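What's in final11.pdb: PDB, C-alpha atoms
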```pdb
ATOM      1  CA  MET A   4      20.177  -3.861  -0.840
ATOM      2  CA  ASP A   5      20.383  -2.507   2.680
ATOM      3  CA  THR A   6      16.833  -1.080   2.590
ATOM      4  CA  ALA A   7      13.348  -2.338   1.791
ATOM      5  CA  ILE A   8      10.202  -0.424   0.878
ATOM      6  CA  ILE A   9       6.991  -1.396   2.647
ATOM      7  CA  PHE A  10       3.988   0.073   0.859
ATOM      8  CA  ASP A  11       0.212   0.102   0.780
ATOM      9  CA  CYS A  12      -2.398   1.553  -1.566
ATOM     10  CA  GLU A  13      -5.923   2.855  -1.169
ATOM     11  CA  TYR A  14      -8.007   2.367  -4.300
ATOM     12  CA  LEU A  15     -11.466   3.522  -5.260
ATOM     13  CA  VAL A  16     -14.390   1.626  -3.842
ATOM     14  CA  THR A  17     -18.097   2.094  -3.287
ATOM     15  CA  GLU A  18     -20.188   0.357  -0.657
ATOM     16  CA  ASN A  19     -20.130  -3.432  -1.212
ATOM     17  CA  ALA A  20     -18.095  -3.090  -4.430
ATOM     18  CA  GLN A  21     -15.640  -5.690  -3.153
ATOM     19  CA  GLN A  22     -18.416  -8.276  -2.874
ATOM     20  CA  ARG A  23     -19.421  -7.406  -6.459
ATOM     21  CA  TYR A  24     -15.784  -7.592  -7.637
ATOM     22  CA  TRP A  25     -16.196  -3.957  -8.748
ATOM     23  CA  CYS A  26     -18.678  -5.114 -11.425
ATOM     24  CA  GLY A  27     -21.729  -3.063 -10.399
ATOM     25  CA  PRO A  28     -23.044  -0.499 -12.898
ATOM     26  CA  PHE A  29     -21.900   2.410 -10.728
ATOM     27  CA  ASP A  30     -18.677   0.902  -9.342
ATOM     28  CA  PRO A  31     -15.471   2.702 -10.332
ATOM     29  CA  ASP A  32     -12.463   0.819 -11.603
ATOM     30  CA  PRO A  33     -10.325  -0.028  -8.525
ATOM     31  CA  VAL A  34      -7.657   2.539  -9.374
ATOM     32  CA  ILE A  35      -5.413   3.975  -6.689
ATOM     33  CA  ALA A  36      -5.987   7.300  -4.948
ATOM     34  CA  GLN A  37      -3.247   7.066  -2.314
ATOM     35  CA  ILE A  38       0.130   5.382  -1.886
ATOM     36  CA  GLY A  39       1.944   5.093   1.428
ATOM     37  CA  ALA A  40       5.542   3.894   1.632
ATOM     38  CA  VAL A  41       8.083   3.283   4.385
ATOM     39  CA  LYS A  42      11.828   2.900   3.860
ATOM     40  CA  LEU A  43      13.119   0.300   6.330
ATOM     41  CA  GLY A  44      16.815  -0.118   6.976
ATOM     42  CA  LEU A  45      17.947  -3.739   6.910
ATOM     43  CA  THR A  46      21.173  -3.111   8.849
ATOM     44  CA  GLY A  47      22.136  -1.204  11.993
ATOM     45  CA  GLY A  48      19.015  -1.755  14.075
ATOM     46  CA  PHE A  49      16.350  -1.978  11.370
ATOM     47  CA  GLN A  50      15.351   1.672  11.649
ATOM     48  CA  ILE A  51      12.601   3.450   9.737
ATOM     49  CA  LEU A  52      14.631   5.783   7.522
ATOM     50  CA  ALA A  53      11.886   7.723   5.735
ATOM     51  CA  THR A  54       8.183   7.708   4.900
ATOM     52  CA  LYS A  55       6.146   8.979   1.980
ATOM     53  CA  ARG A  56       2.429   9.598   1.421
ATOM     54  CA  ILE A  57       1.272  10.347  -2.127
ATOM     55  CA  PHE A  58      -2.245  11.291  -3.172
ATOM     56  CA  VAL A  59      -3.081  10.312  -6.740
ATOM     57  CA  ARG A  60      -5.698  11.859  -9.017
ATOM     58  CA  PRO A  61      -7.706   8.807 -10.148
ATOM     59  CA  VAL A  62      -8.937   8.956 -13.736
ATOM     60  CA  ASP A  63     -11.387   6.808 -15.644
ATOM     61  CA  ARG A  64     -10.879   5.103 -18.998
ATOM     62  CA  HIS A  65     -11.569   8.359 -20.847
ATOM     63  CA  GLY A  66      -9.035  10.371 -18.857
ATOM     64  CA  ASP A  67     -11.678  12.151 -16.795
ATOM     65  CA  ASP A  68     -11.286  12.602 -13.052
ATOM     66  CA  TYR A  69     -13.253  10.128 -10.984
ATOM     67  CA  ALA A  70     -15.666  11.570  -8.449
ATOM     68  CA  ILE A  71     -14.818  10.494  -4.909
ATOM     69  CA  ASP A  72     -17.673   8.429  -3.494
ATOM     70  CA  PRO A  73     -18.818   9.360   0.041
ATOM     71  CA  PHE A  74     -18.264   5.753   1.143
ATOM     72  CA  PHE A  75     -14.618   5.961   0.079
ATOM     73  CA  THR A  76     -14.219   9.203   2.036
ATOM     74  CA  GLN A  77     -15.824   7.652   5.109
ATOM     75  CA  LEU A  78     -13.527   4.635   4.837
ATOM     76  CA  THR A  79     -10.239   6.427   4.156
ATOM     77  CA  GLY A  80     -10.715  10.055   5.141
ATOM     78  CA  ILE A  81      -9.706  11.065   1.595
ATOM     79  CA  THR A  82     -11.987  13.781   0.266
ATOM     80  CA  GLU A  83     -12.586  15.255  -3.167
ATOM     81  CA  ASP A  84     -10.840  18.400  -1.951
ATOM     82  CA  THR A  85      -7.787  16.408  -0.803
ATOM     83  CA  ILE A  86      -7.430  14.909  -4.274
ATOM     84  CA  LYS A  87      -7.963  18.244  -6.045
ATOM     85  CA  THR A  88      -5.483  20.169  -3.898
ATOM     86  CA  THR A  89      -2.725  17.604  -3.291
ATOM     87  CA  GLY A  90      -3.288  14.787  -5.794
ATOM     88  CA  VAL A  91      -0.807  14.233  -8.618
ATOM     89  CA  PRO A  92      -1.134  12.318 -11.890
ATOM     90  CA  LEU A  93      -0.406   8.599 -11.669
ATOM     91  CA  ALA A  94       2.757   8.832 -13.781
ATOM     92  CA  GLN A  95       4.220  11.435 -11.416
ATOM     93  CA  ALA A  96       3.195   9.400  -8.362
ATOM     94  CA  LEU A  97       4.949   6.295  -9.691
ATOM     95  CA  ASN A  98       8.066   8.276 -10.594
ATOM     96  CA  ASP A  99       8.140   9.745  -7.088
ATOM     97  CA  LEU A 100       7.708   6.295  -5.543
ATOM     98  CA  ASN A 101      10.429   4.818  -7.730
ATOM     99  CA  LYS A 102      12.868   7.589  -6.777
ATOM    100  CA  PHE A 103      11.975   7.113  -3.098
ATOM    101  CA  SER A 104      12.758   3.392  -3.374
ATOM    102  CA  ASN A 105      16.211   3.947  -4.898
ATOM    103  CA  GLY A 106      16.057   0.474  -6.393
ATOM    104  CA  ALA A 107      14.997  -1.368  -3.205
ATOM    105  CA  GLN A 108      12.540  -4.273  -3.150
ATOM    106  CA  PHE A 109       8.860  -3.453  -2.506
ATOM    107  CA  TRP A 110       6.745  -5.395   0.002
ATOM    108  CA  SER A 111       2.996  -5.123   0.603
ATOM    109  CA  TRP A 112       0.415  -7.101   2.556
ATOM    110  CA  GLY A 113      -0.870  -9.052  -0.409
ATOM    111  CA  LYS A 114      -0.437  -7.787  -3.946
ATOM    112  CA  ASP A 115      -1.218  -4.079  -3.919
ATOM    113  CA  GLU A 116       1.051  -3.628  -6.926
ATOM    114  CA  LEU A 117      -1.641  -5.186  -9.120
ATOM    115  CA  ASN A 118      -3.992  -2.277  -8.418
ATOM    116  CA  MET A 119      -1.135   0.203  -8.686
ATOM    117  CA  MET A 120       0.892  -1.025 -11.656
ATOM    118  CA  ALA A 121      -1.563  -3.173 -13.609
ATOM    119  CA  ILE A 122      -5.122  -1.852 -13.216
ATOM    120  CA  SER A 123      -4.334   1.821 -12.597
ATOM    121  CA  CYS A 124      -1.746   2.055 -15.377
ATOM    122  CA  TYR A 125      -4.003   0.188 -17.794
ATOM    123  CA  VAL A 126      -6.962   2.473 -17.098
ATOM    124  CA  ALA A 127      -4.801   5.604 -17.287
ATOM    125  CA  ASN A 128      -3.173   4.303 -20.507
ATOM    126  CA  ILE A 129       0.386   4.641 -19.231
ATOM    127  CA  THR A 130       3.249   2.154 -19.167
ATOM    128  CA  PRO A 131       4.176   0.727 -15.741
ATOM    129  CA  ILE A 132       7.663   1.927 -14.811
ATOM    130  CA  ILE A 133       8.502  -0.485 -11.967
ATOM    131  CA  ALA A 134       9.145  -4.108 -12.925
ATOM    132  CA  ALA A 135       6.952  -6.837 -11.457
ATOM    133  CA  ASN A 136       9.970  -8.669 -10.008
ATOM    134  CA  ARG A 137      10.623  -5.748  -7.646
ATOM    135  CA  PHE A 138       7.389  -6.480  -5.755
ATOM    136  CA  ASP A 139       6.712  -9.254  -3.271
ATOM    137  CA  ASN A 140       4.119 -10.362  -0.741
ATOM    138  CA  ALA A 141       4.872  -9.724   2.949
ATOM    139  CA  CYS A 142       2.381 -12.454   3.884
ATOM    140  CA  LYS A 143       5.088 -14.944   2.901
ATOM    141  CA  LEU A 144       7.496 -13.340   5.373
ATOM    142  CA  LEU A 145       5.025 -13.623   8.228
ATOM    143  CA  LEU A 146       4.311 -17.243   7.341
ATOM    144  CA  SER A 147       8.027 -18.041   7.449
ATOM    145  CA  ALA A 148       8.261 -16.257  10.811
ATOM    146  CA  GLY A 149       5.609 -18.533  12.297
ATOM    147  CA  MET A 150       2.340 -16.601  11.988
ATOM    148  CA  PRO A 151      -0.412 -19.205  11.480
ATOM    149  CA  TYR A 152      -1.759 -19.318   7.930
ATOM    150  CA  ASP A 153      -5.366 -19.051   9.128
ATOM    151  CA  ASP A 154      -4.480 -15.851  11.020
ATOM    152  CA  ILE A 155      -2.704 -14.410   7.983
ATOM    153  CA  LYS A 156      -5.828 -14.954   5.889
ATOM    154  CA  LYS A 157      -8.065 -13.023   8.305
ATOM    155  CA  THR A 158      -5.697 -10.266   9.463
ATOM    156  CA  SER A 159      -5.683  -7.068   7.420
ATOM    157  CA  SER A 160      -2.625  -4.835   7.151
ATOM    158  CA  ASN A 161      -4.082  -2.170   9.433
ATOM    159  CA  ARG A 162      -4.608  -4.760  12.194
ATOM    160  CA  LEU A 163      -1.244  -6.470  11.870
ATOM    161  CA  ALA A 164       0.657  -4.465  14.497
ATOM    162  CA  ALA A 165      -2.235  -4.933  16.931
ATOM    163  CA  TYR A 166      -2.180  -8.694  16.261
ATOM    164  CA  PHE A 167       1.422  -8.764  17.524
ATOM    165  CA  LYS A 168       0.514  -6.448  20.454
ATOM    166  CA  LEU A 169       3.179  -3.925  19.470
ATOM    167  CA  LYS A 170       3.366  -0.470  21.001
ATOM    168  CA  HIS A 171       3.421   2.231  18.356
ATOM    169  CA  PRO A 172       2.109   5.727  17.617
ATOM    170  CA  PRO A 173      -1.611   5.866  16.772
ATOM    171  CA  LEU A 174      -2.475   4.567  13.322
ATOM    172  CA  LYS A 175      -5.580   5.188  11.235
ATOM    173  CA  GLY A 176      -6.811   2.166   9.314
ATOM    174  CA  HIS A 177      -7.274   2.573   5.564
ATOM    175  CA  ASP A 178      -4.681   5.298   5.363
ATOM    176  CA  ALA A 179      -2.024   3.960   3.002
ATOM    177  CA  LEU A 180       0.947   5.240   4.995
ATOM    178  CA  ASP A 181      -0.441   4.122   8.354
ATOM    179  CA  ASP A 182      -1.236   0.674   6.951
ATOM    180  CA  ALA A 183       2.311   0.452   5.562
ATOM    181  CA  LEU A 184       3.622   1.447   8.991
ATOM    182  CA  SER A 185       1.540  -1.301  10.620
ATOM    183  CA  ILE A 186       3.285  -3.855   8.401
ATOM    184  CA  THR A 187       6.668  -2.215   8.955
ATOM    185  CA  TYR A 188       6.427  -2.272  12.750
ATOM    186  CA  VAL A 189       5.817  -6.019  12.607
ATOM    187  CA  LEU A 190       8.684  -6.706  10.196
ATOM    188  CA  GLN A 191      10.945  -4.495  12.310
ATOM    189  CA  HIS A 192       9.935  -6.435  15.438
ATOM    190  CA  LEU A 193      10.555  -9.814  13.794
ATOM    191  CA  LEU A 194      13.924  -8.740  12.397
ATOM    192  CA  LYS A 195      15.086  -7.355  15.746
ATOM    193  CA  ASN A 196      14.053 -10.537  17.537
ATOM    194  CA  GLY A 197      15.621 -12.905  15.014
ATOM    195  CA  LYS A 198      12.322 -14.331  13.770
ATOM    196  CA  LEU A 199      13.331 -13.116  10.313
ATOM    197  CA  ALA A 200      16.973 -13.345   9.329
ATOM    198  CA  SER A 201      16.493 -10.658   6.680
ATOM    199  CA  LEU A 202      14.164  -9.787   3.823
ATOM    200  CA  PRO A 203      14.966 -11.822   0.670
TER
END
```
Can the structure from this file be put into C-alpha cells for me?
Amino acid sequence: MDTAIIFDCEYLVTENAQQRYWCGPFDPDPVIAQIGAVKLGLTGGFQILATKRIFVRPVDRHGDDYAIDPFFTQLTGITEDTIKTTGVPLAQALNDLNKFSNGAQFWSWGKDELNMMAISCYVANITPIIAANRFDNACKLLLSAGMPYDDIKKTSSNRLAAYFKLKHPPLKGHDALDDALSITYVLQHLLKNGKLASLP
C-alpha cells in the first residue's frame, strides 16, 4: 500500500475510572465516542492526504444512549449536544472509517482498536468489520526509530509531536483527530529524515 491510516479514539470515561479499570458502579463501559483518522502518503514526500473526524453515539448493553459525563466533556470537549447532533451509530462509523482507509494498514499509539473493534462492538452487539491484522501499534515504529523505551511508556499520543519539538498547527489534546495528527507529524518527520525506511 502507498498509504497508511493513523487513528485515535476517545472513549467514555468518568473521573478516576482508569484507575478503577472502569469497574466502579457508575463507570460506563469504555466505548468510543469519537474517531480521528489521518491518511498519510508513503511515497512522494509523505504528505497528509486527508483527515476524518467521526462522532459516535455510544450505547450501553441494552442499546440505550449513554449520558455524557461532565468529566468526559471537560477532558475532550465533546458534549451531549455534539453527540446528539453529529454522532452516528457505531456500525456506520466503522463503515465510514473502513471506506476512508481503502484497505490501508491502521496505526495507533497503543491499541485503540481494542476499544473500537472489541469492546464497543461487543457492547453494541455488532460484528467487527475490520480484521485485527489490519491494526498495529505505532509505539513499535518509534522504538525502531530510536525513541527510548522509557520515554515511549510515559509519552501520550497528544504529547508526541511536542516530544520531538516539531512545529505544527495548534492541537487540542484528547481530540481524536488532533491526537492522530500528533502521531502523524512524528511519523512524517521520521520518514522524511530516514529514521524510518517505511511503515511495514
Would you mind listing, for every residue of region 160-185 of chain A within 12 Å of region 112-131 of chain A, the two atoms forming the shortest contact and the distance between them in Å to one decimal, using only C-alpha atoms, sorted by chain and ascending residue number, as a tab-separated table?
```
residue	atom	partner	partner_atom	distance
A:Ser160	CA	A:Trp112	CA	6.0
A:Asn161	CA	A:Trp112	CA	9.6
A:Arg162	CA	A:Trp112	CA	11.1
A:Leu163	CA	A:Trp112	CA	9.5
A:Ala179	CA	A:Asp115	CA	10.6
A:Asp182	CA	A:Trp112	CA	9.1
A:Ala183	CA	A:Trp112	CA	8.3
A:Leu184	CA	A:Trp112	CA	11.2
A:Ser185	CA	A:Trp112	CA	10.0
```
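With distances restricted to all atoms listed in the file, A:Pro61 is the closest residue to Ile86 (chain A) from A:Gly106, A:Pro73, A:Gly48, A:Pro61.
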**Residue members of the PyMOL selection byres ((chain A and resi 43) around 12) in the file shown, as an NGL selection string** = :A and (4-10 or 40-42 or 44-55 or 103-104 or 107-110 or 183-184 or 186-192 or 194 or 201-202)
**Prompt:** Contacts of Leu146 (chain A) at 12 Å or less, counting all atoms listed in the file, minus same-chain residues fewer than 6 places along, as a ChimeraX atom specification?
**Reply:** /A:112,140,152-156,190,193,198-199
**Fill in**
Of A:Arg23, A:Leu78, A:Pro92, A:Val34, the one sitting nearest Arg64 (chain A) when using only C-alpha atoms is A:Val34
**Request:** Apply the PyMOL selection byres ((chain A and resi 91) around 12) to the file shown and report the selected residues as a ChimeraX atom specification.
**Result:** /A:35-38,56-62,68,85-90,92-99
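In this comparison, which uses only C-alpha atoms, the residue of A:Gly80, A:Pro33, A:Pro203, A:Gly39 approaching Val16 (chain A) most closely is A:Pro33.
Pairwise distance (CA of Asp63 (chain A), CA of Pro31 (chain A)) equals 7.9 Å.
Among A:Thr82, A:Ser159, A:Ala200, A:Lys170, the residue with the shortest atom-to-atom distance to Leu144 (chain A), counting all atoms listed in the file, is A:Ala200.
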**Request:** Report the distance between CA of Leu15 (chain A) and CA of Ile81 (chain A) in Å, rounded to one decimal place.
**Result:** 10.3 Å
**Prompt:** Hey, can you check how far CA of Ala134 (chain A) sits from CA of Asp11 (chain A)?
**Reply:** 16.9 Å
For region 171-200 of chain A, supply N, CA and C atoms and format the output as a PDB file, keeping the file's coordinate frame.
```
ATOM      1  N   HIS A 171       3.057   1.365  19.471  1.00  0.00           N
ATOM      2  CA  HIS A 171       3.421   2.231  18.356  1.00  0.00           C
ATOM      3  C   HIS A 171       2.569   3.487  18.412  1.00  0.00           C
ATOM      4  N   PRO A 172       2.960   4.531  17.695  1.00  0.00           N
ATOM      5  CA  PRO A 172       2.109   5.727  17.617  1.00  0.00           C
ATOM      6  C   PRO A 172       0.748   5.366  17.026  1.00  0.00           C
ATOM      7  N   PRO A 173      -0.272   6.168  17.303  1.00  0.00           N
ATOM      8  CA  PRO A 173      -1.611   5.866  16.772  1.00  0.00           C
ATOM      9  C   PRO A 173      -1.609   5.755  15.252  1.00  0.00           C
ATOM     10  N   LEU A 174      -2.357   4.789  14.764  1.00  0.00           N
ATOM     11  CA  LEU A 174      -2.475   4.567  13.322  1.00  0.00           C
ATOM     12  C   LEU A 174      -3.949   4.600  12.930  1.00  0.00           C
ATOM     13  N   LYS A 175      -4.226   5.161  11.760  1.00  0.00           N
ATOM     14  CA  LYS A 175      -5.580   5.188  11.235  1.00  0.00           C
ATOM     15  C   LYS A 175      -5.706   4.133  10.150  1.00  0.00           C
ATOM     16  N   GLY A 176      -6.602   3.195  10.322  1.00  0.00           N
ATOM     17  CA  GLY A 176      -6.811   2.166   9.314  1.00  0.00           C
ATOM     18  C   GLY A 176      -7.298   2.753   8.006  1.00  0.00           C
ATOM     19  N   HIS A 177      -6.915   2.147   6.911  1.00  0.00           N
ATOM     20  CA  HIS A 177      -7.274   2.573   5.564  1.00  0.00           C
ATOM     21  C   HIS A 177      -6.671   3.929   5.202  1.00  0.00           C
ATOM     22  N   ASP A 178      -5.576   4.258   5.854  1.00  0.00           N
ATOM     23  CA  ASP A 178      -4.681   5.298   5.363  1.00  0.00           C
ATOM     24  C   ASP A 178      -3.458   4.554   4.862  1.00  0.00           C
ATOM     25  N   ALA A 179      -3.058   4.792   3.616  1.00  0.00           N
ATOM     26  CA  ALA A 179      -2.024   3.960   3.002  1.00  0.00           C
ATOM     27  C   ALA A 179      -0.715   3.997   3.775  1.00  0.00           C
ATOM     28  N   LEU A 180      -0.308   5.172   4.247  1.00  0.00           N
ATOM     29  CA  LEU A 180       0.947   5.240   4.995  1.00  0.00           C
ATOM     30  C   LEU A 180       0.817   4.543   6.341  1.00  0.00           C
ATOM     31  N   ASP A 181      -0.274   4.770   7.049  1.00  0.00           N
ATOM     32  CA  ASP A 181      -0.441   4.122   8.354  1.00  0.00           C
ATOM     33  C   ASP A 181      -0.525   2.602   8.218  1.00  0.00           C
ATOM     34  N   ASP A 182      -1.181   2.123   7.169  1.00  0.00           N
ATOM     35  CA  ASP A 182      -1.236   0.674   6.951  1.00  0.00           C
ATOM     36  C   ASP A 182       0.151   0.122   6.625  1.00  0.00           C
ATOM     37  N   ALA A 183       0.934   0.869   5.846  1.00  0.00           N
ATOM     38  CA  ALA A 183       2.311   0.452   5.562  1.00  0.00           C
ATOM     39  C   ALA A 183       3.150   0.452   6.833  1.00  0.00           C
ATOM     40  N   LEU A 184       2.904   1.421   7.713  1.00  0.00           N
ATOM     41  CA  LEU A 184       3.622   1.447   8.991  1.00  0.00           C
ATOM     42  C   LEU A 184       3.244   0.261   9.872  1.00  0.00           C
ATOM     43  N   SER A 185       1.975  -0.136   9.848  1.00  0.00           N
ATOM     44  CA  SER A 185       1.540  -1.301  10.620  1.00  0.00           C
ATOM     45  C   SER A 185       2.322  -2.546  10.205  1.00  0.00           C
ATOM     46  N   ILE A 186       2.490  -2.731   8.907  1.00  0.00           N
ATOM     47  CA  ILE A 186       3.285  -3.855   8.401  1.00  0.00           C
ATOM     48  C   ILE A 186       4.746  -3.698   8.812  1.00  0.00           C
ATOM     49  N   THR A 187       5.255  -2.480   8.663  1.00  0.00           N
ATOM     50  CA  THR A 187       6.668  -2.215   8.955  1.00  0.00           C
ATOM     51  C   THR A 187       7.003  -2.486  10.410  1.00  0.00           C
ATOM     52  N   TYR A 188       6.157  -2.045  11.325  1.00  0.00           N
ATOM     53  CA  TYR A 188       6.427  -2.272  12.750  1.00  0.00           C
ATOM     54  C   TYR A 188       6.566  -3.763  13.047  1.00  0.00           C
ATOM     55  N   VAL A 189       5.743  -4.572  12.387  1.00  0.00           N
ATOM     56  CA  VAL A 189       5.817  -6.019  12.607  1.00  0.00           C
ATOM     57  C   VAL A 189       7.106  -6.585  12.019  1.00  0.00           C
ATOM     58  N   LEU A 190       7.442  -6.215  10.795  1.00  0.00           N
ATOM     59  CA  LEU A 190       8.684  -6.706  10.196  1.00  0.00           C
ATOM     60  C   LEU A 190       9.892  -6.261  11.017  1.00  0.00           C
ATOM     61  N   GLN A 191       9.868  -5.026  11.466  1.00  0.00           N
ATOM     62  CA  GLN A 191      10.945  -4.495  12.310  1.00  0.00           C
ATOM     63  C   GLN A 191      11.080  -5.327  13.588  1.00  0.00           C
ATOM     64  N   HIS A 192       9.956  -5.624  14.213  1.00  0.00           N
ATOM     65  CA  HIS A 192       9.935  -6.435  15.438  1.00  0.00           C
ATOM     66  C   HIS A 192      10.502  -7.832  15.187  1.00  0.00           C
ATOM     67  N   LEU A 193      10.098  -8.454  14.094  1.00  0.00           N
ATOM     68  CA  LEU A 193      10.555  -9.814  13.794  1.00  0.00           C
ATOM     69  C   LEU A 193      12.041  -9.839  13.441  1.00  0.00           C
ATOM     70  N   LEU A 194      12.498  -8.820  12.725  1.00  0.00           N
ATOM     71  CA  LEU A 194      13.924  -8.740  12.397  1.00  0.00           C
ATOM     72  C   LEU A 194      14.765  -8.530  13.651  1.00  0.00           C
ATOM     73  N   LYS A 195      14.330  -7.645  14.522  1.00  0.00           N
ATOM     74  CA  LYS A 195      15.086  -7.355  15.746  1.00  0.00           C
ATOM     75  C   LYS A 195      15.155  -8.558  16.673  1.00  0.00           C
ATOM     76  N   ASN A 196      14.108  -9.381  16.629  1.00  0.00           N
ATOM     77  CA  ASN A 196      14.053 -10.537  17.537  1.00  0.00           C
ATOM     78  C   ASN A 196      14.501 -11.837  16.870  1.00  0.00           C
ATOM     79  N   GLY A 197      15.071 -11.725  15.681  1.00  0.00           N
ATOM     80  CA  GLY A 197      15.621 -12.905  15.014  1.00  0.00           C
ATOM     81  C   GLY A 197      14.612 -13.864  14.436  1.00  0.00           C
ATOM     82  N   LYS A 198      13.335 -13.461  14.374  1.00  0.00           N
ATOM     83  CA  LYS A 198      12.322 -14.331  13.770  1.00  0.00           C
ATOM     84  C   LYS A 198      12.433 -14.313  12.243  1.00  0.00           C
ATOM     85  N   LEU A 199      12.997 -13.211  11.731  1.00  0.00           N
ATOM     86  CA  LEU A 199      13.331 -13.116  10.313  1.00  0.00           C
ATOM     87  C   LEU A 199      14.823 -12.825  10.235  1.00  0.00           C
ATOM     88  N   ALA A 200      15.543 -13.585   9.462  1.00  0.00           N
ATOM     89  CA  ALA A 200      16.973 -13.345   9.329  1.00  0.00           C
ATOM     90  C   ALA A 200      17.220 -12.062   8.544  1.00  0.00           C
TER      91      ALA A 200
END
```
